[in-house]
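Engineer: Below is the file upload.cif, which contains mmCIF, C-alpha atoms.
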```
data_final
#
loop_
_atom_site.group_PDB
_atom_site.id
_atom_site.type_symbol
_atom_site.label_atom_id
_atom_site.label_comp_id
_atom_site.auth_asym_id
_atom_site.auth_seq_id
_atom_site.Cartn_x
_atom_site.Cartn_y
_atom_site.Cartn_z
ATOM 1 C CA GLY Y 1 -94.568 164.405 -100.317
ATOM 2 C CA PHE Y 2 -91.233 165.913 -99.373
ATOM 3 C CA ASN Y 3 -91.645 169.514 -98.260
ATOM 4 C CA GLY Y 4 -88.304 170.415 -96.775
ATOM 5 C CA THR Y 5 -86.951 173.704 -98.084
ATOM 6 C CA PRO Y 6 -83.698 173.946 -100.069
ATOM 7 C CA VAL Y 7 -82.026 175.414 -96.963
ATOM 8 C CA TRP Y 8 -83.221 172.424 -94.916
ATOM 9 C CA THR Y 9 -81.745 170.137 -97.574
ATOM 10 C CA MET Y 10 -78.447 172.009 -97.433
ATOM 11 C CA ILE Y 11 -78.233 171.518 -93.657
ATOM 12 C CA ALA Y 12 -79.404 167.882 -93.705
ATOM 13 C CA ARG Y 13 -77.147 166.797 -96.572
ATOM 14 C CA PRO Y 14 -73.794 166.688 -94.684
ATOM 15 C CA ILE Y 15 -75.447 164.857 -91.776
ATOM 16 C CA VAL Y 16 -76.814 162.174 -94.097
ATOM 17 C CA LYS Y 17 -73.453 161.856 -95.842
ATOM 18 C CA ALA Y 18 -71.616 161.498 -92.531
ATOM 19 C CA VAL Y 19 -73.809 158.702 -91.171
ATOM 20 C CA PRO Y 20 -73.414 155.219 -92.750
ATOM 21 C CA VAL Y 21 -76.674 154.051 -94.313
ATOM 22 C CA GLU Y 22 -76.748 151.044 -91.970
ATOM 23 C CA ASN Y 23 -76.920 153.457 -89.017
ATOM 24 C CA ILE Y 24 -79.063 156.196 -90.562
ATOM 25 C CA LYS Y 25 -81.764 155.654 -87.920
ATOM 26 C CA ALA Y 26 -79.306 157.098 -85.386
ATOM 27 C CA ALA Y 27 -79.550 160.479 -87.143
ATOM 28 C CA THR Y 28 -83.220 160.724 -86.152
ATOM 29 C CA ILE Y 29 -82.126 161.062 -82.517
ATOM 30 C CA LEU Y 30 -81.236 164.660 -83.436
ATOM 31 C CA ASP Y 31 -84.899 165.624 -83.017
ATOM 32 C CA LEU Y 32 -84.961 164.201 -79.503
ATOM 33 C CA VAL Y 33 -81.782 166.116 -78.651
ATOM 34 C CA LEU Y 34 -83.320 169.340 -80.000
ATOM 35 C CA ILE Y 35 -86.474 168.801 -77.913
ATOM 36 C CA ILE Y 36 -84.425 168.183 -74.752
ATOM 37 C CA VAL Y 37 -82.435 171.374 -75.396
ATOM 38 C CA MET Y 38 -85.676 173.257 -76.058
ATOM 39 C CA LEU Y 39 -87.209 172.036 -72.775
ATOM 40 C CA ALA Y 40 -84.075 173.053 -70.871
ATOM 41 C CA LEU Y 41 -84.367 176.564 -72.319
ATOM 42 C CA VAL Y 42 -88.082 176.688 -71.458
ATOM 43 C CA PHE Y 43 -87.079 175.934 -67.855
ATOM 44 C CA TRP Y 44 -84.457 178.698 -68.069
ATOM 45 C CA ALA Y 45 -86.899 181.277 -69.449
ATOM 46 C CA PHE Y 46 -90.276 180.289 -67.957
ATOM 47 C CA GLY Y 47 -89.361 178.315 -64.849
ATOM 48 C CA ALA Y 48 -90.565 174.959 -63.568
ATOM 49 C CA GLU Y 49 -94.225 175.507 -64.485
ATOM 50 C CA GLY Y 50 -93.380 176.312 -68.088
ATOM 51 C CA PHE Y 51 -91.110 173.272 -68.269
ATOM 52 C CA VAL Y 52 -93.729 170.890 -66.868
ATOM 53 C CA PHE Y 53 -96.570 172.154 -69.063
ATOM 54 C CA ALA Y 54 -94.353 172.036 -72.164
ATOM 55 C CA TRP Y 55 -93.186 168.505 -71.338
ATOM 56 C CA VAL Y 56 -96.722 167.256 -70.721
ATOM 57 C CA PHE Y 57 -97.977 168.929 -73.902
ATOM 58 C CA ILE Y 58 -95.341 167.152 -75.990
ATOM 59 C CA THR Y 59 -96.393 163.796 -74.518
ATOM 60 C CA VAL Y 60 -100.142 164.285 -75.123
ATOM 61 C CA CYS Y 61 -100.285 166.463 -78.271
ATOM 62 C CA TYR Y 62 -102.276 164.687 -80.983
ATOM 63 C CA SER Y 63 -100.121 166.320 -83.661
ATOM 64 C CA PHE Y 64 -97.132 164.215 -82.545
ATOM 65 C CA ARG Y 65 -98.962 160.975 -83.386
ATOM 66 C CA TRP Y 66 -97.660 161.296 -86.941
ATOM 67 C CA PRO Y 67 -94.884 161.669 -87.710
ATOM 68 C CA THR Y 68 -93.661 160.390 -84.351
ATOM 69 C CA ILE Y 69 -90.587 162.023 -82.853
ATOM 70 C CA THR Y 70 -87.465 160.180 -84.151
ATOM 71 C CA TRP Y 71 -89.328 158.663 -87.082
ATOM 72 C CA VAL Y 72 -87.396 160.954 -89.376
ATOM 73 C CA MET Y 73 -84.461 163.335 -89.134
ATOM 74 C CA LEU Y 74 -84.931 167.020 -88.309
ATOM 75 C CA ARG Y 75 -88.707 166.782 -88.627
ATOM 76 C CA TYR Y 76 -89.282 169.126 -85.678
ATOM 77 C CA ASP Y 77 -86.291 171.448 -85.978
ATOM 78 C CA TRP Y 78 -88.584 174.337 -86.982
ATOM 79 C CA MET Y 79 -90.822 173.813 -83.924
ATOM 80 C CA THR Y 80 -87.966 173.635 -81.439
ATOM 81 C CA THR Y 81 -86.293 176.749 -82.835
ATOM 82 C CA MET Y 82 -89.587 178.656 -82.704
ATOM 83 C CA VAL Y 83 -90.021 177.840 -79.014
ATOM 84 C CA ILE Y 84 -86.369 178.635 -78.335
ATOM 85 C CA GLY Y 85 -86.928 181.966 -80.099
ATOM 86 C CA VAL Y 86 -89.797 182.756 -77.709
ATOM 87 C CA CYS Y 87 -87.544 181.831 -74.772
ATOM 88 C CA MET Y 88 -84.857 184.197 -76.027
ATOM 89 C CA LEU Y 89 -87.357 187.044 -76.301
ATOM 90 C CA LYS Y 90 -88.562 186.307 -72.765
ATOM 91 C CA LYS Y 91 -84.971 186.738 -71.582
ATOM 92 C CA ARG Y 92 -84.575 189.905 -73.678
ATOM 93 C CA LYS Y 93 -82.106 188.278 -76.053
ATOM 94 C CA TYR Y 94 -83.681 189.994 -79.037
ATOM 95 C CA TYR Y 95 -80.938 189.359 -81.599
ATOM 96 C CA ALA Y 96 -80.997 185.652 -80.734
ATOM 97 C CA GLY Y 97 -84.810 185.536 -80.733
ATOM 98 C CA GLY Y 98 -84.973 186.994 -84.226
ATOM 99 C CA ALA Y 99 -82.205 184.658 -85.402
ATOM 100 C CA PHE Y 100 -84.022 181.528 -84.208
ATOM 101 C CA PHE Y 101 -87.206 182.625 -85.957
ATOM 102 C CA GLY Y 102 -85.173 183.338 -89.083
ATOM 103 C CA TYR Y 103 -83.874 179.769 -88.969
ATOM 104 C CA ALA Y 104 -87.363 178.314 -88.395
ATOM 105 C CA THR Y 105 -88.707 180.335 -91.330
ATOM 106 C CA LEU Y 106 -86.064 178.966 -93.670
ATOM 107 C CA MET Y 107 -86.939 175.421 -92.598
ATOM 108 C CA ARG Y 108 -90.697 175.611 -93.336
ATOM 109 C CA TYR Y 109 -91.542 179.181 -94.499
ATOM 110 C CA PHE Y 110 -94.714 179.585 -92.394
ATOM 111 C CA PRO Y 111 -93.031 180.411 -89.018
ATOM 112 C CA VAL Y 112 -92.654 183.974 -90.306
ATOM 113 C CA ILE Y 113 -96.400 184.383 -89.620
ATOM 114 C CA TRP Y 114 -95.600 184.243 -85.887
ATOM 115 C CA LEU Y 115 -94.075 187.709 -86.270
ATOM 116 C CA ALA Y 116 -97.319 189.254 -87.597
ATOM 117 C CA PHE Y 117 -98.366 190.784 -84.287
ATOM 118 C CA ILE Y 118 -94.885 192.235 -83.738
ATOM 119 C CA VAL Y 119 -95.140 194.009 -87.097
ATOM 120 C CA VAL Y 120 -98.556 195.417 -86.144
ATOM 121 C CA LYS Y 121 -97.223 196.463 -82.734
ATOM 122 C CA GLY Y 122 -94.450 198.343 -84.513
ATOM 123 C CA LEU Y 123 -96.976 200.095 -86.766
ATOM 124 C CA HIS Y 124 -99.072 200.936 -83.717
ATOM 125 C CA ALA Y 125 -96.040 202.562 -82.079
ATOM 126 C CA VAL Y 126 -95.352 204.622 -85.216
ATOM 127 C CA VAL Y 127 -98.915 205.975 -85.216
ATOM 128 C CA PHE Y 128 -99.629 206.392 -81.500
ATOM 129 C CA ARG Y 129 -96.281 206.987 -79.789
ATOM 130 C CA LYS Y 130 -96.605 210.777 -79.685
ATOM 131 C CA ASN Y 131 -93.699 211.428 -77.310
ATOM 132 C CA VAL Y 132 -91.280 211.058 -80.248
ATOM 133 C CA PRO Y 133 -91.494 213.821 -82.902
ATOM 134 C CA VAL Y 134 -92.588 213.047 -86.463
ATOM 135 C CA SER Y 135 -89.147 214.083 -87.692
ATOM 136 C CA LYS Y 136 -87.814 210.972 -85.923
ATOM 137 C CA LEU Y 137 -90.738 208.736 -86.822
ATOM 138 C CA TRP Y 138 -88.816 205.471 -87.022
ATOM 139 C CA PHE Y 139 -87.492 206.018 -83.504
ATOM 140 C CA ARG Y 140 -91.039 205.439 -82.298
ATOM 141 C CA VAL Y 141 -90.573 201.726 -82.960
ATOM 142 C CA PRO Y 142 -89.067 200.045 -79.859
ATOM 143 C CA ARG Y 143 -85.385 199.301 -80.278
ATOM 144 C CA GLN Y 144 -85.952 195.632 -79.427
ATOM 145 C CA TYR Y 145 -87.928 195.182 -82.648
ATOM 146 C CA TYR Y 146 -84.999 196.402 -84.707
ATOM 147 C CA LYS Y 147 -82.759 193.949 -82.841
ATOM 148 C CA MET Y 148 -85.152 191.119 -83.653
ATOM 149 C CA LEU Y 149 -85.217 192.204 -87.298
ATOM 150 C CA ALA Y 150 -81.412 192.324 -87.387
ATOM 151 C CA GLY Y 151 -81.086 188.791 -85.985
ATOM 152 C CA PHE Y 152 -83.771 187.480 -88.323
ATOM 153 C CA THR Y 153 -82.251 189.149 -91.390
ATOM 154 C CA ALA Y 154 -78.693 188.050 -90.595
ATOM 155 C CA VAL Y 155 -79.648 184.358 -90.441
ATOM 156 C CA VAL Y 156 -81.866 184.527 -93.528
ATOM 157 C CA VAL Y 157 -79.224 186.312 -95.610
ATOM 158 C CA LEU Y 158 -76.433 183.963 -94.461
ATOM 159 C CA LEU Y 159 -78.228 180.625 -94.913
ATOM 160 C CA LEU Y 160 -80.223 181.608 -97.983
ATOM 161 C CA GLY Y 161 -77.075 183.025 -99.576
ATOM 162 C CA LEU Y 162 -75.192 179.785 -98.909
ATOM 163 C CA SER Y 163 -78.025 177.735 -100.334
ATOM 164 C CA LEU Y 164 -78.189 179.834 -103.495
ATOM 165 C CA ALA Y 165 -74.422 179.604 -103.908
ATOM 166 C CA ILE Y 166 -74.341 175.831 -103.407
ATOM 167 C CA ASP Y 167 -77.522 174.675 -105.142
ATOM 168 C CA GLY Y 168 -78.543 177.583 -107.378
ATOM 169 C CA THR Y 169 -81.887 179.286 -107.874
ATOM 170 C CA ASP Y 170 -83.817 176.524 -109.655
ATOM 171 C CA VAL Y 171 -84.323 174.437 -106.517
ATOM 172 C CA HIS Y 172 -85.778 177.459 -104.729
ATOM 173 C CA LYS Y 173 -88.168 178.171 -107.603
ATOM 174 C CA THR Y 174 -89.292 174.545 -107.585
ATOM 175 C CA SER Y 175 -89.739 174.612 -103.815
ATOM 176 C CA PHE Y 176 -91.986 177.689 -103.965
ATOM 177 C CA GLU Y 177 -94.008 176.208 -106.839
ATOM 178 C CA ASN Y 178 -94.510 172.967 -104.908
ATOM 179 C CA MET Y 179 -95.511 174.868 -101.774
ATOM 180 C CA LYS Y 180 -98.006 176.933 -103.748
ATOM 181 C CA ALA Y 181 -99.523 173.799 -105.278
ATOM 182 C CA HIS Y 182 -99.655 172.123 -101.880
ATOM 183 C CA THR Y 183 -101.763 174.937 -100.417
ATOM 184 C CA GLU Y 184 -104.323 175.123 -103.231
ATOM 185 C CA ALA Y 185 -107.879 174.205 -102.251
ATOM 186 C CA HIS Y 186 -108.212 171.313 -104.727
ATOM 187 C CA ASN Y 187 -105.314 169.593 -102.967
ATOM 188 C CA LEU Y 188 -107.001 169.747 -99.559
ATOM 189 C CA SER Y 189 -107.110 166.527 -97.583
ATOM 190 C CA SER Y 190 -108.773 165.479 -94.350
ATOM 191 C CA MET Y 191 -105.438 166.055 -92.605
ATOM 192 C CA ARG Y 192 -105.549 169.825 -93.182
ATOM 193 C CA GLN Y 193 -106.506 172.405 -90.598
ATOM 194 C CA GLY Y 194 -107.495 176.083 -90.622
ATOM 195 C CA LEU Y 195 -110.295 178.569 -90.115
ATOM 196 C CA GLN Y 196 -111.748 177.823 -93.560
ATOM 197 C CA ILE Y 197 -112.105 174.153 -92.585
ATOM 198 C CA ALA Y 198 -113.993 175.118 -89.418
ATOM 199 C CA LEU Y 199 -116.297 177.538 -91.253
ATOM 200 C CA THR Y 200 -117.330 174.967 -93.872
ATOM 201 C CA TYR Y 201 -118.262 172.240 -91.380
ATOM 202 C CA ARG Y 202 -121.970 171.428 -91.329
ATOM 203 C CA GLY Y 203 -122.122 168.805 -88.573
ATOM 204 C CA GLU Y 204 -121.272 165.744 -90.661
ATOM 205 C CA THR Y 205 -120.416 162.595 -88.682
ATOM 206 C CA GLU Y 206 -120.334 159.972 -91.463
ATOM 207 C CA GLN Y 207 -118.016 161.760 -93.886
ATOM 208 C CA LYS Y 208 -114.514 160.449 -93.165
ATOM 209 C CA LEU Y 209 -112.618 162.304 -95.885
ATOM 210 C CA ILE Y 210 -112.959 165.846 -97.188
ATOM 211 C CA SER Y 211 -115.209 165.847 -100.260
ATOM 212 C CA ASP Y 212 -114.943 167.747 -103.536
ATOM 213 C CA GLU Y 213 -117.927 169.817 -102.404
ATOM 214 C CA LYS Y 214 -116.026 170.843 -99.268
ATOM 215 C CA ARG Y 215 -112.963 171.706 -101.333
ATOM 216 C CA GLU Y 216 -115.084 174.036 -103.444
ATOM 217 C CA MET Y 217 -116.572 175.649 -100.312
ATOM 218 C CA VAL Y 218 -113.092 176.206 -98.897
ATOM 219 C CA ALA Y 219 -111.910 177.682 -102.213
ATOM 220 C CA GLU Y 220 -114.834 180.140 -102.246
ATOM 221 C CA LEU Y 221 -114.005 181.256 -98.707
ATOM 222 C CA GLU Y 222 -110.282 181.691 -99.297
ATOM 223 C CA THR Y 223 -110.267 185.356 -100.361
ATOM 224 C CA PRO Y 224 -112.893 186.709 -97.906
ATOM 225 C CA VAL Y 225 -111.339 184.793 -94.996
ATOM 226 C CA ARG Y 226 -107.879 186.140 -95.775
ATOM 227 C CA ILE Y 227 -109.179 189.700 -96.036
ATOM 228 C CA ALA Y 228 -111.062 189.304 -92.753
ATOM 229 C CA SER Y 229 -107.970 187.728 -91.187
ATOM 230 C CA ALA Y 230 -105.787 190.651 -92.225
ATOM 231 C CA ILE Y 231 -108.257 193.022 -90.589
ATOM 232 C CA MET Y 232 -108.369 190.880 -87.447
ATOM 233 C CA ILE Y 233 -104.577 190.812 -87.254
ATOM 234 C CA LEU Y 234 -104.622 194.621 -87.173
ATOM 235 C CA VAL Y 235 -107.357 194.581 -84.504
ATOM 236 C CA PHE Y 236 -105.553 192.004 -82.377
ATOM 237 C CA GLY Y 237 -102.301 193.879 -82.829
ATOM 238 C CA PHE Y 238 -103.988 197.004 -81.471
ATOM 239 C CA PHE Y 239 -105.132 195.176 -78.330
ATOM 240 C CA LEU Y 240 -101.704 193.590 -78.021
ATOM 241 C CA SER Y 241 -99.969 196.966 -78.200
ATOM 242 C CA ARG Y 242 -99.041 196.745 -74.512
ATOM 243 C CA ALA Y 243 -98.235 193.048 -74.580
ATOM 244 C CA ARG Y 244 -94.611 192.021 -74.267
ATOM 245 C CA SER Y 245 -92.837 190.892 -77.426
ATOM 246 C CA TRP Y 246 -92.642 187.235 -76.388
ATOM 247 C CA GLU Y 247 -96.376 187.176 -75.666
ATOM 248 C CA ALA Y 248 -97.222 188.659 -79.066
ATOM 249 C CA VAL Y 249 -94.941 186.186 -80.841
ATOM 250 C CA GLY Y 250 -96.206 183.217 -78.840
ATOM 251 C CA LEU Y 251 -99.746 184.006 -79.980
ATOM 252 C CA GLY Y 252 -98.657 183.739 -83.623
ATOM 253 C CA LEU Y 253 -100.647 180.503 -83.618
ATOM 254 C CA ILE Y 254 -103.790 182.621 -84.114
ATOM 255 C CA PRO Y 255 -102.936 184.357 -87.426
ATOM 256 C CA TYR Y 256 -101.443 181.086 -88.650
ATOM 257 C CA PHE Y 257 -104.759 179.324 -88.008
ATOM 258 C CA TRP Y 258 -106.679 182.134 -89.717
ATOM 259 C CA LEU Y 259 -104.511 182.429 -92.823
ATOM 260 C CA THR Y 260 -103.531 178.860 -93.740
ATOM 261 C CA THR Y 261 -104.917 175.377 -94.299
ATOM 262 C CA SER Y 262 -101.888 173.315 -93.345
ATOM 263 C CA SER Y 263 -101.661 169.717 -92.172
ATOM 264 C CA TYR Y 264 -102.784 169.120 -88.605
ATOM 265 C CA TYR Y 265 -99.368 167.750 -87.599
ATOM 266 C CA TYR Y 266 -97.920 171.241 -87.951
ATOM 267 C CA TYR Y 267 -100.125 172.234 -85.031
ATOM 268 C CA SER Y 268 -97.516 170.816 -82.689
ATOM 269 C CA MET Y 269 -96.449 174.472 -82.672
ATOM 270 C CA ARG Y 270 -99.345 175.184 -80.326
ATOM 271 C CA LEU Y 271 -96.465 174.738 -77.914
ATOM 272 C CA THR Y 272 -95.492 178.417 -78.364
ATOM 273 C CA ALA Y 273 -98.910 179.413 -76.966
ATOM 274 C CA VAL Y 274 -98.735 176.827 -74.170
ATOM 275 C CA VAL Y 275 -95.392 178.210 -73.032
ATOM 276 C CA ILE Y 276 -96.472 181.860 -72.868
ATOM 277 C CA HIS Y 277 -99.652 180.968 -70.966
ATOM 278 C CA THR Y 278 -97.545 179.374 -68.224
ATOM 279 C CA SER Y 279 -95.736 182.642 -67.548
ATOM 280 C CA ASP Y 280 -98.358 183.895 -65.085
ATOM 281 C CA LEU Y 281 -101.134 181.527 -63.994
ATOM 282 C CA SER Y 282 -102.658 184.213 -61.763
ATOM 283 C CA LYS Y 283 -104.124 185.737 -64.951
ATOM 284 C CA LYS Y 284 -107.436 184.183 -65.959
ATOM 285 C CA ARG Y 285 -106.726 184.490 -69.682
ATOM 286 C CA ASN Y 286 -103.659 182.282 -69.288
ATOM 287 C CA VAL Y 287 -105.579 179.642 -67.355
ATOM 288 C CA VAL Y 288 -108.411 179.708 -69.908
ATOM 289 C CA GLY Y 289 -105.881 179.480 -72.728
ATOM 290 C CA LEU Y 290 -104.245 176.395 -71.228
ATOM 291 C CA VAL Y 291 -107.597 174.754 -70.516
ATOM 292 C CA LEU Y 292 -108.670 175.259 -74.139
ATOM 293 C CA LEU Y 293 -105.376 174.063 -75.611
ATOM 294 C CA PHE Y 294 -105.217 170.916 -73.471
ATOM 295 C CA GLY Y 295 -108.962 170.430 -74.010
ATOM 296 C CA ILE Y 296 -108.284 170.209 -77.759
ATOM 297 C CA GLU Y 297 -105.860 167.364 -77.052
ATOM 298 C CA LEU Y 298 -108.400 165.547 -74.878
ATOM 299 C CA PHE Y 299 -111.012 165.883 -77.613
ATOM 300 C CA SER Y 300 -108.569 164.783 -80.325
ATOM 301 C CA HIS Y 301 -107.661 161.536 -78.586
ATOM 302 C CA ALA Y 302 -111.279 160.833 -77.606
ATOM 303 C CA SER Y 303 -112.338 161.405 -81.217
ATOM 304 C CA GLU Y 304 -109.674 158.979 -82.425
ATOM 305 C CA HIS Y 305 -111.019 156.257 -80.128
ATOM 306 C CA LEU Y 306 -114.752 156.874 -80.489
ATOM 307 C CA MET Y 307 -114.799 157.685 -84.227
ATOM 308 C CA LYS Y 308 -111.697 155.887 -85.415
ATOM 309 C CA GLY Y 309 -110.530 156.974 -88.852
ATOM 310 C CA ASN Y 310 -113.045 159.836 -89.148
ATOM 311 C CA ARG Y 311 -110.443 162.530 -89.654
ATOM 312 C CA TYR Y 312 -112.858 165.036 -91.166
ATOM 313 C CA PHE Y 313 -114.964 165.081 -87.991
ATOM 314 C CA HIS Y 314 -111.791 165.482 -85.964
ATOM 315 C CA ILE Y 315 -110.204 168.329 -87.905
ATOM 316 C CA SER Y 316 -113.524 170.192 -88.161
ATOM 317 C CA TRP Y 317 -114.139 170.221 -84.420
ATOM 318 C CA MET Y 318 -110.482 170.879 -83.769
ATOM 319 C CA GLY Y 319 -110.846 173.936 -86.025
ATOM 320 C CA ILE Y 320 -113.991 175.071 -84.209
ATOM 321 C CA SER Y 321 -112.105 174.755 -80.907
ATOM 322 C CA LEU Y 322 -109.191 176.800 -82.255
ATOM 323 C CA THR Y 323 -111.692 179.435 -83.421
ATOM 324 C CA LEU Y 324 -113.015 179.580 -79.859
ATOM 325 C CA TYR Y 325 -109.433 179.852 -78.558
ATOM 326 C CA SER Y 326 -108.785 182.735 -80.984
#
```
Now, as a test, write the supplied structure out as C-alpha cells.

Structural biologist:
Amino acid sequence: GFNGTPVWTMIARPIVKAVPVENIKAATILDLVLIIVMLALVFWAFGAEGFVFAWVFITVCYSFRWPTITWVMLRYDWMTTMVIGVCMLKKRKYYAGGAFFGYATLMRYFPVIWLAFIVVKGLHAVVFRKNVPVSKLWFRVPRQYYKMLAGFTAVVVLLLGLSLAIDGTDVHKTSFENMKAHTEAHNLSSMRQGLQIALTYRGETEQKLISDEKREMVAELETPVRIASAIMILVFGFFLSRARSWEAVGLGLIPYFWLTTSSYYYYSMRLTAVVIHTSDLSKKRNVVGLVLLFGIELFSHASEHLMKGNRYFHISWMGISLTLYS
C-alpha cells in the first residue's frame, strides 16, 4: 500500500493540486527530470566513467521493472537525492551532502542507514586519534562530519517542523505504525529482500511465493542477524576508517541489506555503490564490485526469463549474491 511519509505527502500535495486531474500524468515526468539532474551531477563529481556506468545501471537494473520510472510521481526522489548527496560529499560540499541525505531520509526513513559507517568512522576517530588531547575529545571527529550533521539536521528540523505544523502529529504516528507493521516477518512477501531471506534459502526451485514456514524462519533469525549486523557494522567501520566520506556513505547499501527486509524495488539504490566504484577503476576492489553488481542484474533478468514468476528463487539468489558482495 501507500508508504510515502507525511513529509513526502506535504511536498507532493501542492504539486497534485496545481496539476489538473486530466493532465496528472504530466506530473510523473518529475522523476525523469530528477534522474537527469542526478546524472548530470554524477558527471560533475565522478566524470564520464561514473556518468556512463550510472546511466547504464539505470537502464538495466531489475529493480526499475516495477514501478517503472514515470509510472507515478516522485517515486524515486529518495534515490536521486541519495546519489546527489554522495556527489556532494565527493566534491567536499559537506553541508549539502548532509542536507540531501536528510531529505532522502524524510521521504522513506531508511536512507539514514547509509550514514552508519560515517557514525562508526567518527567513533573510531574519537578512540584512536591520539594527536588530539582527551580534554578536546570531540575535536577528534573530523570537521566534515559535523558539517554533514549540520546539513542533515537543518533539513530534518525544517521539513519535519513544517509537516507537524501543517498536518499535526497523528499522521506521523500512523506512518510509523504502518511502517513497523510493514516490516514484521508475518507480512513478508516474495518481493522482499535482505540477509535473512538469503540465510533461510534451502535451494528451492518450485516454490514461487514465500511460505509461512519461511516467514517463521526469518522471524527466528531477526534478532541474531541484527545483533551480528551491528557487530559487523563496527568491524566494517574500523576497516573503513581511512576511507573517504563519500566512499563510506556509498557503501551504505551493505548495512541496509544486513538490517532490513525491504521490497526488492528499493534496491535501485545500489546505484550509490555503482557510482563510488567508478571513481578509480585501477583498484581491483572497485572492478570486482562493479562486476558483482552488474552480475546481479544479469542474473535477475535471466531468472525472470528462465523461471518466469518464480520470485522466491530470484530474491533468494539475489540475496546470496548481495551477501557475496558484502

Engineer: Please report as a Markdown table every residue of segment 131-184 of chain Y lying within 12 Å of segment 79-88 of chain Y, along with the nearest atom pair and their distance in Å (one decimal), using all atoms listed in the file.

Structural biologist:
```
| residue | atom | partner | partner_atom | distance |
| --- | --- | --- | --- | --- |
| Y:Gln144 | CA | Y:Met88 | CA | 12.0 |
| Y:Met148 | CA | Y:Gly85 | CA | 10.0 |
| Y:Gly151 | CA | Y:Gly85 | CA | 10.7 |
| Y:Phe152 | CA | Y:Gly85 | CA | 10.4 |
```

Engineer: State, in Å with one decimal place, the distance from atom CA of Phe117 of chain Y to atom CA of Leu149 of chain Y.

Structural biologist: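 Calculated distance between atom CA of Phe117 of chain Y and atom CA of Leu149 of chain Y is 13.6 Å.
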
Engineer: Considering only C-alpha atoms, can you say which of Y:Ala26, Y:Ala18, Y:Leu89, Y:Ala154 comes closest to Glu247 of chain Y?

Structural biologist: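 Among Y:Ala26, Y:Ala18, Y:Leu89, Y:Ala154, it is Y:Leu89 that comes nearest to Glu247 of chain Y.
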
Engineer: Between Y:Thr272, Y:Ser262, Y:Thr205, Y:Ser316, single out the one closest to Met179 of chain Y, counting only C-alpha atoms.

Structural biologist: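 Among the listed residues, Y:Ser262 lies closest to Met179 of chain Y.
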
Engineer: Given the file shown, enumerate the residues that the PyMOL selection byres ((chain Y and resi 239) around 12) captures and present them as number ranges by chain.

Structural biologist: Y: 117-118, 120-121, 124, 232-238, 240-244, 248

Engineer: Applying the PyMOL selection byres ((chain Y and resi 304-313) around 12) to the file I just gave you, which residues come out? Please list them as number ranges by chain.

Structural biologist: Y: 62, 65, 188-193, 197-198, 200-211, 214, 263-264, 297-303, 314-320

Engineer: Do you have the atom CA of Lys25 of chain Y-atom CA of Leu39 of chain Y distance handy?

Structural biologist: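 It comes out at 23.0 Å.
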
Engineer: Work out how far apart atom CA of Thr153 of chain Y and atom CA of Gly98 of chain Y are and give it in Å to one decimal.

Structural biologist: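 That distance, rounded to one decimal, is 8.0 Å.
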
Engineer: Leaving out Ser268 of chain Y and any residue of its chain fewer than 6 positions from it, which residues lie within 7 Å of it when counting all atoms listed in the file, given as a ChimeraX atom specification?

Structural biologist: /Y:61,63-64

Engineer: Counting only C-alpha atoms, note down every residue that has an atom within 10 Å of the point (-89.7, 171.6, -87.4) (file coordinates), as a compact mmCIF listing (two decimals) with C-alpha atoms, in the coordinates of the input.

Structural biologist:
```txt
# COMPACT_ATOMS: atom_id res chain seq x y z
CA GLY Y 4 -88.30 170.42 -96.78
CA TRP Y 8 -83.22 172.42 -94.92
CA ASP Y 31 -84.90 165.62 -83.02
CA MET Y 73 -84.46 163.34 -89.13
CA LEU Y 74 -84.93 167.02 -88.31
CA ARG Y 75 -88.71 166.78 -88.63
CA TYR Y 76 -89.28 169.13 -85.68
CA ASP Y 77 -86.29 171.45 -85.98
CA TRP Y 78 -88.58 174.34 -86.98
CA MET Y 79 -90.82 173.81 -83.92
CA THR Y 80 -87.97 173.64 -81.44
CA THR Y 81 -86.29 176.75 -82.84
CA MET Y 82 -89.59 178.66 -82.70
CA ALA Y 104 -87.36 178.31 -88.40
CA THR Y 105 -88.71 180.34 -91.33
CA MET Y 107 -86.94 175.42 -92.60
CA ARG Y 108 -90.70 175.61 -93.34
CA PRO Y 111 -93.03 180.41 -89.02
CA TYR Y 266 -97.92 171.24 -87.95
CA SER Y 268 -97.52 170.82 -82.69
CA MET Y 269 -96.45 174.47 -82.67
```

Engineer: Out of Y:Phe257, Y:Tyr146, Y:Phe176, Y:Tyr265, which residue has the shortest atom-to-atom distance to Pro67 of chain Y when counting only C-alpha atoms?

Structural biologist: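 The shortest atom-to-atom distance to Pro67 of chain Y comes from Y:Tyr265.
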
Engineer: Please check which residues have atoms at most 12 Å from (-113.0, 183.6, -78.0) in the file's coordinates, counting all atoms listed in the file, and write them as a ChimeraX atom specification.

Structural biologist: /Y:254,285,288-289,292,320-326

Engineer: Using only C-alpha atoms, which of the listed residues (Y:Ala181, Y:Leu137, Y:Val60, Y:Leu32) sits closest to Leu271 of chain Y?

Structural biologist: Y:Val60

Engineer: Where's the centre, and what are the edge lengths in Å to one decimal, of a box along x, y and z enclosing all listed atoms of segment 135-145 of chain Y padded 8 Å per side, as JSON?

Structural biologist:
```
{"center_x": -88.2, "center_y": 204.6, "center_z": -83.6, "size_x": 21.7, "size_y": 34.9, "size_z": 24.3}
```

Engineer: Give me, as a PyMOL selection string, all polymer residues having an atom no more than 9 Å from Ala273 of chain Y, counting all atoms listed in the file and skipping those fewer than 4 positions away in the same chain.

Structural biologist: chain Y and resi 247+249-253+269+277-278+289-290+293

Engineer: Would you pick out the contacts of Ser175 of chain Y at 8 Å or less, using all atoms listed in the file, so that residues sharing its chain but fewer than 2 positions from it are not included, and give the list as a PyMOL selection string?

Structural biologist: chain Y and resi 3+5-6+171-173+177-179

Engineer: Quick one: of Y:Val287, Y:Ala125, Y:Val156, Y:Leu41, who's nearest to Gly102 of chain Y, counting all atoms listed in the file?

Structural biologist: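 For Gly102 of chain Y, the nearest of the candidates is Y:Val156.
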
Engineer: Can you pull out every residue within 12 Å of Phe139 of chain Y, counting all atoms listed in the file, but drop anything in the same chain fewer than 2 positions away, and send it as a list in words?

Structural biologist: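 The contact residues come out as Gly122, Leu123, Ala125, Val126, Val127, Arg129, Lys130, Asn131, Val132, Pro133, Val134, Ser135, Lys136, Leu137, Val141, Pro142, Arg143, Gln144, Tyr145 and Tyr146 of chain Y.
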